Amino acid sequence: MPEIRSKLPSVGTTIFTVMSSLANEYKAINLGQGFPDYPMNAELAELVNKAMKDGYNQYTHMCGLPALRERIAEKIEGLYTTNVNPDTEITITPGGTYAIYTALTTILQPGDEVIVFEPAYDSYIPTIEINGAVPVLVPLVYPDYKIDWELVKKKISGKTKAIMLNTPHNPTGAVLGSNDIKELQSIVAGTGIFILSDEVYEHLIFDGKIHESMLRYPDLLERSFVCFSFGKVYDCTGWKMGYCVAPAGLMKEFRKVHQFNAFSCSTPVQYALTEFLPKKENYLQLGPHLQKKRDHFLELMQQTRFKPLPSHGSYFQLYSYADISDENEKDFAIRVTKECGVASIPVSVFYKDGQDNKVLRFCFSKKESTLEEAANRLRKL
Ligand code: GLN
């Protein structure tokens, strides 16, 4: 029998699957994996049905339905006053994670280094390693998870191929500010360093903050792959639809990789999104809508012994449980799922060395009644 020499020897099953399975097994409220538990927009769902019935069921263009790419370019111009060429600079992908995987696979050679901020979304490091490259880890500064740019400068070497950014940030909800952009601009100016920017939570931003997209800054965009997700915008994470924006020269190489992997994405969904995207209110109201949920959750959780850390975006709110237990994060998250009936994500899984600050990630993109019941159960701790 042939045996596989693992390309990812130190990797197990992703924590999202582990915690969702446990939540199902114990019939717990699932505030672990990030997804809404309320229905997606009925009009958009209807548009997909219509596209299917109208016969749009075969492959569409490898880079995505041209009309959808045009609508995305218009959206980008409206939001970020940047002109992006829909023919050469946008590719529709099966989800944001796929876009990140493809971009990293496009640029990385064995031995290249990539600056990764920790806690890091769990796909980043395996994707770097499977390409034979090396993650160079930079801790975000606890408890508000800001970037220590002096440390970044020290970690840059002749081998640095890319810097990975994620704003709003999963799992912490931290967002980049204008000062971060200035630091980044000065670090990359005149270098061959790429930027891989995960912006899947672009609209989920609170407290009057603006989304510091790479798309706003020509000197950053010229070296960036910027990754987005329709699932996060339209409450349909199960659709696995997203897109990548990059300058034409970079996108040409990205497409070489993409064409032999997914090749193209769901055709009826792309027809539906083409019609739905110009209805701006659907994405413009998302920030305020989710901010209300975050605030409601924060208020409910005041009745527990959990202590919130600042979150200004994403689906997520971190809580310290240092006053409740000194168990490690994984054990505590599992026990809370089994005994209290509320699933969460231990933040230590987003650190390569498993750094444990006694912090759990809770997803608040849920119905009010779900959040209320969850907080009720967590009060018992
Ligand atoms: N992005 C989602 C989260 O952070 C999970 C996606 C997945 O399950 N792979 O919860």
# chains A, B, ... in the order shown; residues from 1 in each chain; ligands from 1
>>> residues_near_ligand(ligand="ligand 1", cutoff="9 Å", atoms="only C-alpha atoms and all ligand atoms", output="mmCIF file with all heavy atoms, in the first residue's frame")
data_model
loop_
_atom_site.group_PDB
_atom_site.id
_atom_site.type_symbol
_atom_site.label_atom_id
_atom_site.label_comp_id
_atom_site.auth_asym_id
_atom_site.auth_seq_id
_atom_site.Cartn_x
_atom_site.Cartn_y
_atom_site.Cartn_z
ATOM 1 N N THR A 14 -9.691 21.345 10.749
ATOM 2 C CA THR A 14 -9.907 22.757 11.117
ATOM 3 C C THR A 14 -10.859 22.881 12.323
ATOM 4 O O THR A 14 -11.852 22.150 12.439
ATOM 5 C CB THR A 14 -10.412 23.597 9.921
ATOM 6 O OG1 THR A 14 -10.903 24.853 10.405
ATOM 7 C CG2 THR A 14 -11.521 22.907 9.161
ATOM 8 N N ILE A 15 -10.537 23.834 13.182
ATOM 9 C CA ILE A 15 -11.306 24.035 14.414
ATOM 10 C C ILE A 15 -12.783 24.322 14.128
ATOM 11 O O ILE A 15 -13.658 23.994 14.932
ATOM 12 C CB ILE A 15 -10.686 25.206 15.242
ATOM 13 C CG1 ILE A 15 -11.286 25.282 16.659
ATOM 14 C CG2 ILE A 15 -10.844 26.535 14.539
ATOM 15 C CD1 ILE A 15 -10.894 24.181 17.567
ATOM 16 N N PHE A 16 -13.069 24.904 12.953
ATOM 17 C CA PHE A 16 -14.466 25.248 12.655
ATOM 18 C C PHE A 16 -15.313 23.983 12.520
ATOM 19 O O PHE A 16 -16.446 23.913 12.990
ATOM 20 C CB PHE A 16 -14.550 26.115 11.398
ATOM 21 C CG PHE A 16 -13.691 27.339 11.510
ATOM 22 C CD1 PHE A 16 -12.615 27.544 10.655
ATOM 23 C CD2 PHE A 16 -13.919 28.268 12.509
ATOM 24 C CE1 PHE A 16 -11.801 28.663 10.784
ATOM 25 C CE2 PHE A 16 -13.119 29.386 12.651
ATOM 26 C CZ PHE A 16 -12.051 29.580 11.782
ATOM 27 N N THR A 17 -14.731 22.984 11.881
ATOM 28 C CA THR A 17 -15.427 21.704 11.743
ATOM 29 C C THR A 17 -15.497 20.993 13.087
ATOM 30 O O THR A 17 -16.532 20.426 13.454
ATOM 31 C CB THR A 17 -14.698 20.835 10.691
ATOM 32 O OG1 THR A 17 -14.707 21.563 9.458
ATOM 33 C CG2 THR A 17 -15.361 19.489 10.494
ATOM 34 N N SER A 20 -18.117 22.882 15.259
ATOM 35 C CA SER A 20 -19.487 22.742 14.739
ATOM 36 C C SER A 20 -19.995 21.317 14.940
ATOM 37 O O SER A 20 -21.171 21.107 15.260
ATOM 38 C CB SER A 20 -19.559 23.138 13.254
ATOM 39 O OG SER A 20 -19.567 24.537 13.142
ATOM 40 N N LEU A 31 -22.027 29.355 18.532
ATOM 41 C CA LEU A 31 -21.427 30.683 18.331
ATOM 42 C C LEU A 31 -19.954 30.503 17.961
ATOM 43 O O LEU A 31 -19.125 31.393 18.165
ATOM 44 C CB LEU A 31 -21.566 31.556 19.583
ATOM 45 C CG LEU A 31 -22.977 31.790 20.137
ATOM 46 C CD1 LEU A 31 -22.953 32.875 21.223
ATOM 47 C CD2 LEU A 31 -23.967 32.188 19.064
ATOM 48 N N GLY A 32 -19.628 29.325 17.432
ATOM 49 C CA GLY A 32 -18.254 29.035 17.024
ATOM 50 C C GLY A 32 -18.013 29.478 15.596
ATOM 51 O O GLY A 32 -17.649 30.640 15.342
ATOM 52 N N GLN A 33 -18.254 28.560 14.666
ATOM 53 C CA GLN A 33 -18.049 28.873 13.240
ATOM 54 C C GLN A 33 -18.832 30.143 12.851
ATOM 55 O O GLN A 33 -19.976 30.319 13.269
ATOM 56 C CB GLN A 33 -18.547 27.685 12.423
ATOM 57 C CG GLN A 33 -18.042 27.634 11.012
ATOM 58 C CD GLN A 33 -18.500 26.359 10.307
ATOM 59 O OE1 GLN A 33 -19.500 25.745 10.701
ATOM 60 N NE2 GLN A 33 -17.777 25.962 9.286
ATOM 61 N N GLY A 34 -18.205 30.989 12.044
ATOM 62 C CA GLY A 34 -18.816 32.267 11.703
ATOM 63 C C GLY A 34 -19.811 32.175 10.564
ATOM 64 O O GLY A 34 -19.421 32.113 9.400
ATOM 65 N N PHE A 35 -21.092 32.158 10.909
ATOM 66 C CA PHE A 35 -22.141 32.193 9.873
ATOM 67 C C PHE A 35 -23.429 32.685 10.504
ATOM 68 O O PHE A 35 -23.667 32.458 11.690
ATOM 69 C CB PHE A 35 -22.346 30.800 9.238
ATOM 70 C CG PHE A 35 -22.799 29.751 10.216
ATOM 71 C CD1 PHE A 35 -24.155 29.561 10.467
ATOM 72 C CD2 PHE A 35 -21.882 28.985 10.913
ATOM 73 C CE1 PHE A 35 -24.578 28.605 11.388
ATOM 74 C CE2 PHE A 35 -22.298 28.035 11.840
ATOM 75 C CZ PHE A 35 -23.642 27.835 12.074
ATOM 76 N N GLY A 96 -13.642 33.317 -0.432
ATOM 77 C CA GLY A 96 -12.478 34.136 -0.106
ATOM 78 C C GLY A 96 -11.246 33.290 0.200
ATOM 79 O O GLY A 96 -10.128 33.628 -0.202
ATOM 80 N N THR A 97 -11.439 32.170 0.900
ATOM 81 C CA THR A 97 -10.285 31.328 1.274
ATOM 82 C C THR A 97 -9.603 30.786 0.019
ATOM 83 O O THR A 97 -8.373 30.726 -0.059
ATOM 84 C CB THR A 97 -10.753 30.170 2.180
ATOM 85 O OG1 THR A 97 -11.422 30.725 3.309
ATOM 86 C CG2 THR A 97 -9.579 29.349 2.684
ATOM 87 N N TYR A 121 -6.005 33.772 10.862
ATOM 88 C CA TYR A 121 -7.047 32.877 10.344
ATOM 89 C C TYR A 121 -6.402 31.547 9.963
ATOM 90 O O TYR A 121 -5.302 31.509 9.416
ATOM 91 C CB TYR A 121 -7.735 33.528 9.135
ATOM 92 C CG TYR A 121 -8.873 32.698 8.615
ATOM 93 C CD1 TYR A 121 -9.962 32.422 9.433
ATOM 94 C CD2 TYR A 121 -8.837 32.144 7.353
ATOM 95 C CE1 TYR A 121 -10.995 31.631 8.979
ATOM 96 C CE2 TYR A 121 -9.871 31.348 6.890
ATOM 97 C CZ TYR A 121 -10.947 31.099 7.713
ATOM 98 O OH TYR A 121 -11.970 30.298 7.279
ATOM 99 N N ASP A 122 -7.084 30.462 10.240
ATOM 100 C CA ASP A 122 -6.378 29.170 10.279
ATOM 101 C C ASP A 122 -5.933 28.626 8.928
ATOM 102 O O ASP A 122 -5.157 27.685 8.883
ATOM 103 C CB ASP A 122 -7.173 28.132 11.087
ATOM 104 C CG ASP A 122 -8.336 27.528 10.316
ATOM 105 O OD1 ASP A 122 -8.830 28.170 9.381
ATOM 106 O OD2 ASP A 122 -8.738 26.391 10.675
ATOM 107 N N SER A 123 -6.350 29.221 7.826
ATOM 108 C CA SER A 123 -5.890 28.711 6.527
ATOM 109 C C SER A 123 -4.534 29.310 6.109
ATOM 110 O O SER A 123 -3.856 28.757 5.254
ATOM 111 C CB SER A 123 -6.918 29.005 5.428
ATOM 112 O OG SER A 123 -6.810 30.337 4.954
ATOM 113 N N ASN A 170 -10.238 38.681 11.622
ATOM 114 C CA ASN A 170 -10.747 37.432 12.203
ATOM 115 C C ASN A 170 -9.558 36.743 12.864
ATOM 116 O O ASN A 170 -8.564 36.505 12.177
ATOM 117 C CB ASN A 170 -11.302 36.556 11.062
ATOM 118 C CG ASN A 170 -11.886 35.252 11.550
ATOM 119 O OD1 ASN A 170 -11.941 34.980 12.738
ATOM 120 N ND2 ASN A 170 -12.327 34.426 10.617
ATOM 121 N N PRO A 171 -9.569 36.423 14.131
ATOM 122 C CA PRO A 171 -10.707 36.353 15.030
ATOM 123 C C PRO A 171 -10.945 37.570 15.926
ATOM 124 O O PRO A 171 -11.890 37.543 16.708
ATOM 125 C CB PRO A 171 -10.301 35.179 15.936
ATOM 126 C CG PRO A 171 -8.819 35.325 16.077
ATOM 127 C CD PRO A 171 -8.360 35.808 14.714
ATOM 128 N N VAL A 200 -12.542 40.125 3.622
ATOM 129 C CA VAL A 200 -13.870 39.522 3.478
ATOM 130 C C VAL A 200 -14.918 40.193 4.378
ATOM 131 O O VAL A 200 -16.107 40.131 4.088
ATOM 132 C CB VAL A 200 -13.854 37.988 3.729
ATOM 133 C CG1 VAL A 200 -12.953 37.293 2.734
ATOM 134 C CG2 VAL A 200 -13.480 37.642 5.154
ATOM 135 N N LYS A 232 -20.202 36.667 3.115
ATOM 136 C CA LYS A 232 -20.261 37.538 4.292
ATOM 137 C C LYS A 232 -21.160 38.743 4.024
ATOM 138 O O LYS A 232 -21.699 39.337 4.942
ATOM 139 C CB LYS A 232 -18.868 38.048 4.678
ATOM 140 C CG LYS A 232 -17.776 36.999 4.750
ATOM 141 C CD LYS A 232 -18.017 35.979 5.838
ATOM 142 C CE LYS A 232 -16.827 35.053 6.008
ATOM 143 N NZ LYS A 232 -16.529 34.225 4.832
ATOM 144 N N THR A 237 -22.960 32.134 3.522
ATOM 145 C CA THR A 237 -21.584 31.608 3.551
ATOM 146 C C THR A 237 -21.489 30.260 2.831
ATOM 147 O O THR A 237 -20.434 29.903 2.321
ATOM 148 C CB THR A 237 -21.087 31.461 5.003
ATOM 149 O OG1 THR A 237 -21.977 30.572 5.704
ATOM 150 C CG2 THR A 237 -21.052 32.790 5.727
ATOM 151 N N TYR A 315 -17.579 39.367 12.329
ATOM 152 C CA TYR A 315 -18.719 38.695 12.975
ATOM 153 C C TYR A 315 -18.423 38.400 14.447
ATOM 154 O O TYR A 315 -19.222 37.760 15.110
ATOM 155 C CB TYR A 315 -18.904 37.313 12.347
ATOM 156 C CG TYR A 315 -19.644 37.191 11.044
ATOM 157 C CD1 TYR A 315 -19.455 36.062 10.248
ATOM 158 C CD2 TYR A 315 -20.571 38.136 10.619
ATOM 159 C CE1 TYR A 315 -20.139 35.878 9.069
ATOM 160 C CE2 TYR A 315 -21.252 37.954 9.436
ATOM 161 C CZ TYR A 315 -21.043 36.836 8.661
ATOM 162 O OH TYR A 315 -21.723 36.644 7.497
ATOM 163 N N PHE A 316 -17.238 38.814 14.931
ATOM 164 C CA PHE A 316 -16.729 38.192 16.148
ATOM 165 C C PHE A 316 -16.458 39.150 17.301
ATOM 166 O O PHE A 316 -16.042 40.292 17.094
ATOM 167 C CB PHE A 316 -15.441 37.421 15.830
ATOM 168 C CG PHE A 316 -15.607 36.498 14.654
ATOM 169 C CD1 PHE A 316 -14.924 36.719 13.469
ATOM 170 C CD2 PHE A 316 -16.505 35.438 14.720
ATOM 171 C CE1 PHE A 316 -15.112 35.888 12.374
ATOM 172 C CE2 PHE A 316 -16.705 34.605 13.628
ATOM 173 C CZ PHE A 316 -16.009 34.834 12.444
ATOM 174 N N ILE A 345 -14.998 29.455 19.747
ATOM 175 C CA ILE A 345 -13.714 29.043 19.161
ATOM 176 C C ILE A 345 -12.582 29.494 20.096
ATOM 177 O O ILE A 345 -12.496 30.692 20.422
ATOM 178 C CB ILE A 345 -13.505 29.685 17.759
ATOM 179 C CG1 ILE A 345 -14.619 29.290 16.784
ATOM 180 C CG2 ILE A 345 -12.122 29.347 17.204
ATOM 181 C CD1 ILE A 345 -14.589 27.864 16.280
ATOM 182 N N CYS A 363 -19.291 34.221 17.860
ATOM 183 C CA CYS A 363 -19.868 34.809 16.650
ATOM 184 C C CYS A 363 -21.237 35.394 16.995
ATOM 185 O O CYS A 363 -22.099 34.686 17.507
ATOM 186 C CB CYS A 363 -20.008 33.721 15.578
ATOM 187 S SG CYS A 363 -20.903 34.306 14.139
#
>>> select_by_dssp(residues="range 36-98 of chain A", states="strand (DSSP E or B)", output="count of residues only")
4
>>> closest_residue(among="A:Leu176, A:Val138, A:Ala103, A:Leu318", to="Val226 in chain A", atoms="only C-alpha atoms")
A:Ala103
>>> closest_atom_pairs(of="range 230-273 of chain A", to="range 203-219 of chain A", cutoff="12 Å", atoms="only C-alpha atoms", output="CSV")
residue,atom,partner,partner_atom,distance
A:Phe230,CA,A:His203,CA,10.8
A:Gly231,CA,A:His203,CA,11.8
A:Lys232,CA,A:Leu204,CA,8.5
A:Val233,CA,A:His203,CA,7.2
A:Tyr234,CA,A:His203,CA,10.6
A:Asp235,CA,A:Leu204,CA,11.7
A:Cys244,CA,A:Leu215,CA,11.4
A:Val245,CA,A:Leu215,CA,8.5
A:Ala246,CA,A:Leu215,CA,9.1
A:Pro247,CA,A:Pro218,CA,10.0
>>> closest_residue(among="A:Ile90, A:Ile181, A:Leu381, A:Leu273", to="Glu46 in chain A", atoms="only C-alpha atoms")
A:Leu273
>>> select_by_dssp(residues="range 45-194 of chain A", states="alpha helix (DSSP H)", output="ChimeraX atom specification")
/A:45-53,66-80,96-107,124-130,149-155,178-188
>>> residues_around(residues="Val347 in chain A", least_positions_apart="5", cutoff="12 Å", atoms="only C-alpha atoms", output="number ranges by chain")
A: 15-16, 32, 118-122, 142, 170-172, 316-321, 328-333, 352-362
>>> write_last_selection(atoms="N, CA, C and O atoms", output="short mmCIF file (atom, residue, chain, number, x, y, z; two decimals), in the first residue's frame")
data_model
loop_
_atom_site.label_atom_id
_atom_site.label_comp_id
_atom_site.auth_asym_id
_atom_site.auth_seq_id
_atom_site.Cartn_x
_atom_site.Cartn_y
_atom_site.Cartn_z
N ILE A 15 -10.54 23.83 13.18
CA ILE A 15 -11.31 24.04 14.41
C ILE A 15 -12.78 24.32 14.13
O ILE A 15 -13.66 23.99 14.93
N PHE A 16 -13.07 24.90 12.95
CA PHE A 16 -14.47 25.25 12.65
C PHE A 16 -15.31 23.98 12.52
O PHE A 16 -16.45 23.91 12.99
N GLY A 32 -19.63 29.33 17.43
CA GLY A 32 -18.25 29.03 17.02
C GLY A 32 -18.01 29.48 15.60
O GLY A 32 -17.65 30.64 15.34
N GLU A 118 -0.27 37.19 14.10
CA GLU A 118 -1.03 36.21 14.91
C GLU A 118 -1.76 36.91 16.04
O GLU A 118 -1.20 37.84 16.62
N PRO A 119 -2.99 36.47 16.37
CA PRO A 119 -3.68 35.30 15.85
C PRO A 119 -4.01 35.45 14.36
O PRO A 119 -4.42 36.52 13.93
N ALA A 120 -3.85 34.33 13.61
CA ALA A 120 -4.07 34.35 12.16
C ALA A 120 -5.17 33.37 11.79
O ALA A 120 -5.21 32.25 12.32
N TYR A 121 -6.01 33.77 10.86
CA TYR A 121 -7.05 32.88 10.34
C TYR A 121 -6.40 31.55 9.96
O TYR A 121 -5.30 31.51 9.42
N ASP A 122 -7.08 30.46 10.24
CA ASP A 122 -6.38 29.17 10.28
C ASP A 122 -5.93 28.63 8.93
O ASP A 122 -5.16 27.68 8.88
N TYR A 142 -1.67 42.10 22.38
CA TYR A 142 -2.80 41.85 23.26
C TYR A 142 -2.95 43.01 24.24
O TYR A 142 -1.93 43.52 24.70
N ASN A 170 -10.24 38.68 11.62
CA ASN A 170 -10.75 37.43 12.20
C ASN A 170 -9.56 36.74 12.86
O ASN A 170 -8.56 36.51 12.18
N PRO A 171 -9.57 36.42 14.13
CA PRO A 171 -10.71 36.35 15.03
C PRO A 171 -10.95 37.57 15.93
O PRO A 171 -11.89 37.54 16.71
N THR A 172 -10.16 38.65 15.86
CA THR A 172 -10.21 39.63 16.97
C THR A 172 -11.20 40.77 16.76
O THR A 172 -11.57 41.44 17.73
N PHE A 316 -17.24 38.81 14.93
CA PHE A 316 -16.73 38.19 16.15
C PHE A 316 -16.46 39.15 17.30
O PHE A 316 -16.04 40.29 17.09
N GLN A 317 -16.67 38.61 18.49
CA GLN A 317 -16.38 39.32 19.72
C GLN A 317 -15.55 38.38 20.59
O GLN A 317 -15.96 37.25 20.84
N LEU A 318 -14.39 38.87 21.03
CA LEU A 318 -13.57 38.05 21.92
C LEU A 318 -13.94 38.33 23.37
O LEU A 318 -14.27 39.46 23.73
N TYR A 319 -13.84 37.27 24.18
CA TYR A 319 -14.06 37.41 25.63
C TYR A 319 -12.96 36.70 26.40
O TYR A 319 -12.59 35.57 26.06
N SER A 320 -12.46 37.39 27.42
CA SER A 320 -11.53 36.76 28.35
C SER A 320 -12.35 36.01 29.41
O SER A 320 -13.34 36.52 29.91
N TYR A 321 -11.90 34.78 29.71
CA TYR A 321 -12.58 34.05 30.80
C TYR A 321 -11.64 33.84 31.98
O TYR A 321 -11.85 32.97 32.83
N ASN A 328 -7.03 25.52 29.94
CA ASN A 328 -6.58 26.07 28.66
C ASN A 328 -7.79 26.29 27.75
O ASN A 328 -8.88 25.76 27.98
N GLU A 329 -7.59 27.10 26.72
CA GLU A 329 -8.72 27.57 25.90
C GLU A 329 -9.49 26.41 25.26
O GLU A 329 -10.72 26.41 25.22
N LYS A 330 -8.73 25.45 24.71
CA LYS A 330 -9.41 24.36 24.01
C LYS A 330 -10.29 23.56 24.97
O LYS A 330 -11.46 23.29 24.69
N ASP A 331 -9.69 23.19 26.10
CA ASP A 331 -10.44 22.40 27.09
C ASP A 331 -11.67 23.16 27.57
O ASP A 331 -12.76 22.60 27.72
N PHE A 332 -11.47 24.46 27.83
CA PHE A 332 -12.57 25.26 28.34
C PHE A 332 -13.69 25.37 27.29
O PHE A 332 -14.87 25.18 27.60
N ALA A 333 -13.29 25.64 26.02
CA ALA A 333 -14.31 25.76 24.96
C ALA A 333 -15.09 24.46 24.82
O ALA A 333 -16.32 24.47 24.63
N LYS A 352 0.53 29.63 16.06
CA LYS A 352 1.29 28.42 15.74
C LYS A 352 1.79 27.72 17.00
O LYS A 352 1.81 26.50 17.08
N ASP A 353 2.17 28.53 18.01
CA ASP A 353 2.67 27.90 19.25
C ASP A 353 1.54 27.69 20.26
O ASP A 353 1.80 27.35 21.41
N GLY A 354 0.30 27.93 19.85
CA GLY A 354 -0.84 27.69 20.75
C GLY A 354 -0.95 28.67 21.90
O GLY A 354 -1.55 28.36 22.93
N GLN A 355 -0.38 29.87 21.73
CA GLN A 355 -0.44 30.89 22.81
C GLN A 355 -1.84 30.97 23.41
O GLN A 355 -2.83 31.05 22.68
N ASP A 356 -1.88 30.95 24.72
CA ASP A 356 -3.16 30.82 25.42
C ASP A 356 -3.36 32.02 26.34
O ASP A 356 -2.72 32.13 27.37
N ASN A 357 -4.25 32.94 25.95
CA ASN A 357 -4.52 34.13 26.77
C ASN A 357 -5.83 34.01 27.54
O ASN A 357 -6.32 34.99 28.08
N LYS A 358 -6.41 32.82 27.52
CA LYS A 358 -7.74 32.60 28.16
C LYS A 358 -8.80 33.46 27.47
O LYS A 358 -9.51 34.24 28.10
N VAL A 359 -8.86 33.29 26.15
CA VAL A 359 -9.78 34.09 25.35
C VAL A 359 -10.56 33.17 24.39
O VAL A 359 -9.97 32.30 23.76
N LEU A 360 -11.86 33.41 24.32
CA LEU A 360 -12.69 32.67 23.36
C LEU A 360 -13.30 33.64 22.35
O LEU A 360 -13.55 34.79 22.66
N ARG A 361 -13.53 33.13 21.13
CA ARG A 361 -14.18 33.92 20.07
C ARG A 361 -15.64 33.49 19.98
O ARG A 361 -15.93 32.30 19.82
N PHE A 362 -16.54 34.47 20.06
CA PHE A 362 -17.97 34.21 19.90
C PHE A 362 -18.47 34.91 18.63
O PHE A 362 -18.13 36.07 18.40
#
